[in-house]
>>> print(open('target21.tsv').read())   # TSV, N, CA and C atoms
chain	number	residue	atom	x	y	z
Q	623	MET	N	-34.60	26.95	-151.91
Q	623	MET	CA	-33.55	27.29	-152.84
Q	623	MET	C	-33.72	26.43	-154.10
Q	624	PRO	N	-33.87	27.04	-155.27
Q	624	PRO	CA	-34.04	26.25	-156.49
Q	624	PRO	C	-32.75	25.51	-156.87
Q	625	LYS	N	-32.96	24.37	-157.47
Q	625	LYS	CA	-31.79	23.61	-157.94
Q	625	LYS	C	-31.14	24.36	-159.10
Q	626	PRO	N	-29.83	24.36	-159.15
Q	626	PRO	CA	-29.15	25.09	-160.24
Q	626	PRO	C	-29.30	24.36	-161.59
Q	627	GLU	N	-29.32	25.15	-162.65
Q	627	GLU	CA	-29.29	24.67	-164.03
Q	627	GLU	C	-30.55	23.93	-164.49
Q	628	ILE	N	-31.67	23.96	-163.75
Q	628	ILE	CA	-32.89	23.30	-164.25
Q	628	ILE	C	-34.03	24.28	-164.48
Q	629	HIS	N	-33.92	25.50	-163.99
Q	629	HIS	CA	-34.99	26.48	-164.11
Q	629	HIS	C	-34.67	27.46	-165.25
Q	630	PRO	N	-35.72	27.95	-165.95
Q	630	PRO	CA	-35.48	28.92	-167.02
Q	630	PRO	C	-35.04	30.27	-166.45
Q	631	GLN	N	-34.46	31.07	-167.30
Q	631	GLN	CA	-34.03	32.42	-166.92
Q	631	GLN	C	-35.26	33.23	-166.51
Q	632	TRP	N	-35.20	33.96	-165.39
Q	632	TRP	CA	-36.30	34.77	-164.90
Q	632	TRP	C	-36.01	36.24	-165.19
Q	633	TYR	N	-36.99	36.90	-165.81
Q	633	TYR	CA	-36.89	38.32	-166.12
Q	633	TYR	C	-37.89	39.07	-165.25
Q	634	PRO	N	-37.43	39.72	-164.19
Q	634	PRO	CA	-38.37	40.39	-163.27
Q	634	PRO	C	-39.03	41.63	-163.88
Q	635	GLU	N	-38.45	42.20	-164.91
Q	635	GLU	CA	-38.99	43.40	-165.55
Q	635	GLU	C	-39.31	43.13	-167.03
Q	636	ALA	N	-40.03	42.07	-167.32
Q	636	ALA	CA	-40.39	41.75	-168.70
Q	636	ALA	C	-41.44	42.75	-169.18
Q	637	LYS	N	-41.27	43.23	-170.40
Q	637	LYS	CA	-42.18	44.23	-170.96
Q	637	LYS	C	-43.31	43.55	-171.72
Q	638	VAL	N	-44.54	44.05	-171.51
Q	638	VAL	CA	-45.72	43.53	-172.19
Q	638	VAL	C	-46.11	44.57	-173.24
Q	639	PHE	N	-46.17	44.13	-174.51
Q	639	PHE	CA	-46.52	45.01	-175.63
Q	639	PHE	C	-47.91	44.66	-176.14
Q	640	CYS	N	-48.70	45.69	-176.42
Q	640	CYS	CA	-50.00	45.52	-177.08
Q	640	CYS	C	-50.10	46.60	-178.14
Q	641	ASP	N	-50.30	46.22	-179.37
Q	641	ASP	CA	-50.35	47.14	-180.51
Q	641	ASP	C	-49.09	47.99	-180.62
Q	642	GLY	N	-47.95	47.39	-180.32
Q	642	GLY	CA	-46.68	48.08	-180.46
Q	642	GLY	C	-46.32	49.02	-179.33
Q	643	GLU	N	-47.14	49.11	-178.29
Q	643	GLU	CA	-46.86	49.99	-177.16
Q	643	GLU	C	-46.63	49.17	-175.91
Q	644	ILE	N	-45.75	49.63	-175.05
Q	644	ILE	CA	-45.54	48.97	-173.76
Q	644	ILE	C	-46.71	49.32	-172.86
Q	645	VAL	N	-47.40	48.30	-172.35
Q	645	VAL	CA	-48.56	48.56	-171.51
Q	645	VAL	C	-48.29	48.26	-170.04
Q	646	MET	N	-47.32	47.41	-169.73
Q	646	MET	CA	-46.98	47.11	-168.35
Q	646	MET	C	-45.69	46.30	-168.31
Q	647	THR	N	-45.16	46.13	-167.12
Q	647	THR	CA	-44.03	45.24	-166.93
Q	647	THR	C	-44.42	44.20	-165.88
Q	648	VAL	N	-44.01	42.97	-166.12
Q	648	VAL	CA	-44.33	41.86	-165.23
Q	648	VAL	C	-43.11	40.95	-165.12
Q	649	GLY	N	-43.15	40.01	-164.20
Q	649	GLY	CA	-42.12	39.00	-164.12
Q	649	GLY	C	-42.47	37.84	-165.03
Q	650	SER	N	-41.50	37.36	-165.81
Q	650	SER	CA	-41.77	36.31	-166.78
Q	650	SER	C	-40.49	35.57	-167.13
Q	651	THR	N	-40.65	34.45	-167.80
Q	651	THR	CA	-39.50	33.71	-168.31
Q	651	THR	C	-39.11	34.18	-169.70
Q	652	GLN	N	-39.86	35.12	-170.27
Q	652	GLN	CA	-39.55	35.73	-171.56
Q	652	GLN	C	-39.26	37.21	-171.34
Q	653	PRO	N	-38.29	37.79	-172.05
Q	653	PRO	CA	-37.99	39.22	-171.84
Q	653	PRO	C	-39.07	40.15	-172.38
Q	654	GLU	N	-39.80	39.71	-173.42
Q	654	GLU	CA	-40.87	40.52	-174.01
Q	654	GLU	C	-42.08	39.63	-174.25
Q	655	LEU	N	-43.26	40.17	-173.98
Q	655	LEU	CA	-44.52	39.47	-174.25
Q	655	LEU	C	-45.35	40.35	-175.17
Q	656	HIS	N	-45.85	39.78	-176.26
Q	656	HIS	CA	-46.69	40.50	-177.21
Q	656	HIS	C	-48.10	39.92	-177.12
Q	657	VAL	N	-49.06	40.76	-176.74
Q	657	VAL	CA	-50.43	40.30	-176.54
Q	657	VAL	C	-51.38	41.10	-177.43
Q	658	ASP	N	-52.54	40.50	-177.72
Q	658	ASP	CA	-53.58	41.18	-178.49
Q	658	ASP	C	-54.58	41.86	-177.57
Q	659	VAL	N	-54.85	41.24	-176.42
Q	659	VAL	CA	-55.85	41.75	-175.50
Q	659	VAL	C	-55.24	41.84	-174.11
Q	660	TRP	N	-55.51	42.93	-173.42
Q	660	TRP	CA	-55.11	43.07	-172.03
Q	660	TRP	C	-56.21	43.85	-171.33
Q	661	SER	N	-56.10	44.06	-170.03
Q	661	SER	CA	-57.19	44.67	-169.28
Q	661	SER	C	-57.50	46.09	-169.73
Q	662	GLY	N	-56.57	46.76	-170.37
Q	662	GLY	CA	-56.81	48.12	-170.83
Q	662	GLY	C	-57.64	48.21	-172.08
Q	663	ASN	N	-57.78	47.13	-172.84
Q	663	ASN	CA	-58.61	47.18	-174.05
Q	663	ASN	C	-59.63	46.05	-174.10
Q	664	HIS	N	-59.80	45.29	-173.03
Q	664	HIS	CA	-60.78	44.21	-173.01
Q	664	HIS	C	-62.15	44.78	-172.66
Q	665	PRO	N	-63.21	44.39	-173.39
Q	665	PRO	CA	-64.55	44.95	-173.16
Q	665	PRO	C	-65.05	44.77	-171.73
Q	666	PHE	N	-64.68	43.71	-171.05
Q	666	PHE	CA	-65.15	43.51	-169.67
Q	666	PHE	C	-64.66	44.62	-168.76
Q	667	TYR	N	-63.41	45.06	-168.94
Q	667	TYR	CA	-62.84	46.06	-168.07
Q	667	TYR	C	-63.10	47.48	-168.54
Q	668	THR	N	-63.29	47.69	-169.84
Q	668	THR	CA	-63.49	49.04	-170.35
Q	668	THR	C	-64.96	49.43	-170.39
Q	669	GLY	N	-65.86	48.46	-170.34
Q	669	GLY	CA	-67.29	48.77	-170.37
Q	669	GLY	C	-67.84	48.96	-171.77
Q	670	THR	N	-67.03	48.77	-172.78
Q	670	THR	CA	-67.51	48.88	-174.16
Q	670	THR	C	-67.83	47.50	-174.69
Q	671	GLN	N	-68.73	47.45	-175.66
Q	671	GLN	CA	-69.10	46.18	-176.24
Q	671	GLN	C	-68.99	46.28	-177.74
Q	672	LYS	N	-68.36	45.28	-178.35
Q	672	LYS	CA	-68.22	45.26	-179.79
Q	672	LYS	C	-68.75	43.91	-180.27
Q	673	ILE	N	-69.83	43.94	-181.04
Q	673	ILE	CA	-70.41	42.71	-181.57
Q	673	ILE	C	-69.89	42.52	-182.99
Q	674	ILE	N	-69.28	41.39	-183.23
Q	674	ILE	CA	-68.80	41.07	-184.56
Q	674	ILE	C	-69.87	40.22	-185.23
Q	675	ASP	N	-70.50	40.76	-186.26
Q	675	ASP	CA	-71.59	40.08	-186.93
Q	675	ASP	C	-71.03	39.28	-188.10
Q	676	THR	N	-70.92	37.98	-187.91
Q	676	THR	CA	-70.43	37.10	-188.96
Q	676	THR	C	-71.61	36.47	-189.67
Q	677	GLU	N	-71.73	36.75	-190.94
Q	677	GLU	CA	-72.77	36.18	-191.79
Q	677	GLU	C	-74.17	36.49	-191.28
Q	678	GLY	N	-74.37	37.64	-190.65
Q	678	GLY	CA	-75.70	38.05	-190.23
Q	678	GLY	C	-76.26	37.28	-189.05
Q	679	ARG	N	-75.43	36.62	-188.28
Q	679	ARG	CA	-75.91	35.79	-187.18
Q	679	ARG	C	-76.56	36.62	-186.07
Q	680	VAL	N	-76.00	37.78	-185.78
Q	680	VAL	CA	-76.57	38.61	-184.72
Q	680	VAL	C	-77.95	39.10	-185.14
Q	681	GLU	N	-78.08	39.58	-186.36
Q	681	GLU	CA	-79.37	40.05	-186.86
Q	681	GLU	C	-80.40	38.92	-186.88
Q	682	ARG	N	-79.99	37.74	-187.30
Q	682	ARG	CA	-80.90	36.59	-187.32
Q	682	ARG	C	-81.35	36.23	-185.91
Q	683	PHE	N	-80.44	36.28	-184.94
Q	683	PHE	CA	-80.79	36.01	-183.54
Q	683	PHE	C	-81.79	37.04	-183.03
Q	684	LEU	N	-81.52	38.31	-183.33
Q	684	LEU	CA	-82.42	39.37	-182.87
Q	684	LEU	C	-83.81	39.22	-183.49
Q	685	ARG	N	-83.89	38.86	-184.78
Q	685	ARG	CA	-85.18	38.65	-185.43
Q	685	ARG	C	-85.90	37.46	-184.83
Q	686	LYS	N	-85.17	36.38	-184.57
Q	686	LYS	CA	-85.77	35.14	-184.06
Q	686	LYS	C	-86.46	35.37	-182.73
Q	687	TYR	N	-85.85	36.16	-181.88
Q	687	TYR	CA	-86.40	36.39	-180.55
Q	687	TYR	C	-87.13	37.73	-180.43
Q	688	GLY	N	-87.41	38.38	-181.57
Q	688	GLY	CA	-88.21	39.59	-181.58
Q	688	GLY	C	-87.56	40.78	-180.90
Q	689	MET	N	-86.26	40.85	-180.93
Q	689	MET	CA	-85.57	41.95	-180.25
Q	689	MET	C	-85.05	43.00	-181.23
Q	690	SER	N	-85.29	42.84	-182.52
Q	690	SER	CA	-84.77	43.81	-183.48
Q	690	SER	C	-85.83	44.88	-183.73
Q	691	ASP	N	-85.36	46.07	-184.11
Q	691	ASP	CA	-86.27	47.16	-184.45
Q	691	ASP	C	-86.74	46.97	-185.88
Q	692	GLN	N	-88.00	47.11	-186.11
Q	692	GLN	CA	-88.53	46.98	-187.47
Q	692	GLN	C	-88.10	48.17	-188.33
Q	693	GLN	N	-87.81	49.33	-187.71
Q	693	GLN	CA	-87.40	50.50	-188.48
Q	693	GLN	C	-85.99	50.33	-189.04
Q	694	ASN	N	-85.13	49.54	-188.39
Q	694	ASN	CA	-83.75	49.38	-188.83
Q	694	ASN	C	-83.56	48.34	-189.90
Q	695	SER	N	-84.54	47.47	-190.11
Q	695	SER	CA	-84.37	46.42	-191.11
Q	695	SER	C	-84.75	46.95	-192.49
Q	696	PRO	N	-84.21	46.35	-193.56
Q	696	PRO	CA	-84.51	46.79	-194.92
Q	696	PRO	C	-86.00	46.61	-195.23
Q	697	PRO	N	-86.56	47.40	-196.19
Q	697	PRO	CA	-88.00	47.36	-196.50
Q	697	PRO	C	-88.49	45.98	-196.94
Q	698	GLU	N	-87.69	45.22	-197.71
Q	698	GLU	CA	-88.16	43.91	-198.15
Q	698	GLU	C	-88.29	42.94	-196.99
Q	699	GLU	N	-87.45	43.09	-195.97
Q	699	GLU	CA	-87.57	42.25	-194.79
Q	699	GLU	C	-88.79	42.63	-193.97
Q	700	GLN	N	-89.13	43.93	-193.93
Q	700	GLN	CA	-90.31	44.37	-193.21
Q	700	GLN	C	-91.57	43.79	-193.86
Q	701	ALA	N	-91.61	43.79	-195.19
Q	701	ALA	CA	-92.77	43.27	-195.90
Q	701	ALA	C	-92.90	41.76	-195.65
Q	702	ALA	N	-91.78	41.05	-195.63
Q	702	ALA	CA	-91.80	39.61	-195.39
Q	702	ALA	C	-92.28	39.29	-193.98
Q	703	THR	N	-91.87	40.08	-193.00
Q	703	THR	CA	-92.30	39.82	-191.61
Q	703	THR	C	-93.74	40.19	-191.39
Q	704	GLU	N	-94.25	41.20	-192.12
Q	704	GLU	CA	-95.65	41.59	-191.96
Q	704	GLU	C	-96.60	40.56	-192.56
Q	705	LYS	N	-96.16	39.82	-193.59
Q	705	LYS	CA	-97.00	38.82	-194.23
Q	705	LYS	C	-97.19	37.60	-193.33
Q	706	LYS	N	-96.21	37.33	-192.44
Q	706	LYS	CA	-96.27	36.14	-191.60
Q	706	LYS	C	-97.26	36.31	-190.55
>>> encode(input="target21.tsv", output="C-alpha cells")
Amino acid sequence: MPKPEIHPQWYPEAKVFCDGEIVMTVGSTQPELHVDVWSGNHPFYTGTQKIIDTEGRVERFLRKYGMSDQQNSPPEEQAATEKK
C-alpha cells in the first residue's frame, strides 16, 4: 500500500501524441505525452532507413572505403579520382 500524499498522480489512460495524432495510451504520471519518435515511425521497427548527410560526411565515408558508385559522383570528382 503506497504512503498517502507522497506519490504523484497516476493516469492509467495517458495519451501519447506523435505529430499531433494519438498513437497509443499508456500509464503515466503525465496526462499527455508528446514524442518525436515511437515504434510506429522508428527505422528499426519499420525497416526503412533514412541517412541524414551533414556536410557530405556520408559521401566522404563511402569514397574513403571505396563503396560509392563512380557513376553517381560529379564529373570533376571522377577526374580527380582517376588521376590518383
>>> atom_distance(input="target21.tsv", atom1="atom CA of His664 of chain Q", atom2="atom CA of Pro634 of chain Q")
24.7 Å
>>> residues_near_point(input="target21.tsv", point="(-44.0, 43.6, -175.1)", cutoff="5 Å", atoms="only N, CA and C atoms", output="number ranges by chain")
Q: 637-639, 654-656
>>> atom_distance(input="target21.tsv", atom1="atom CA of His629 of chain Q", atom2="atom CA of Val648 of chain Q")
18.0 Å
>>> atom_distance(input="target21.tsv", atom1="atom N of Met646 of chain Q", atom2="atom C of Ile628 of chain Q")
27.2 Å
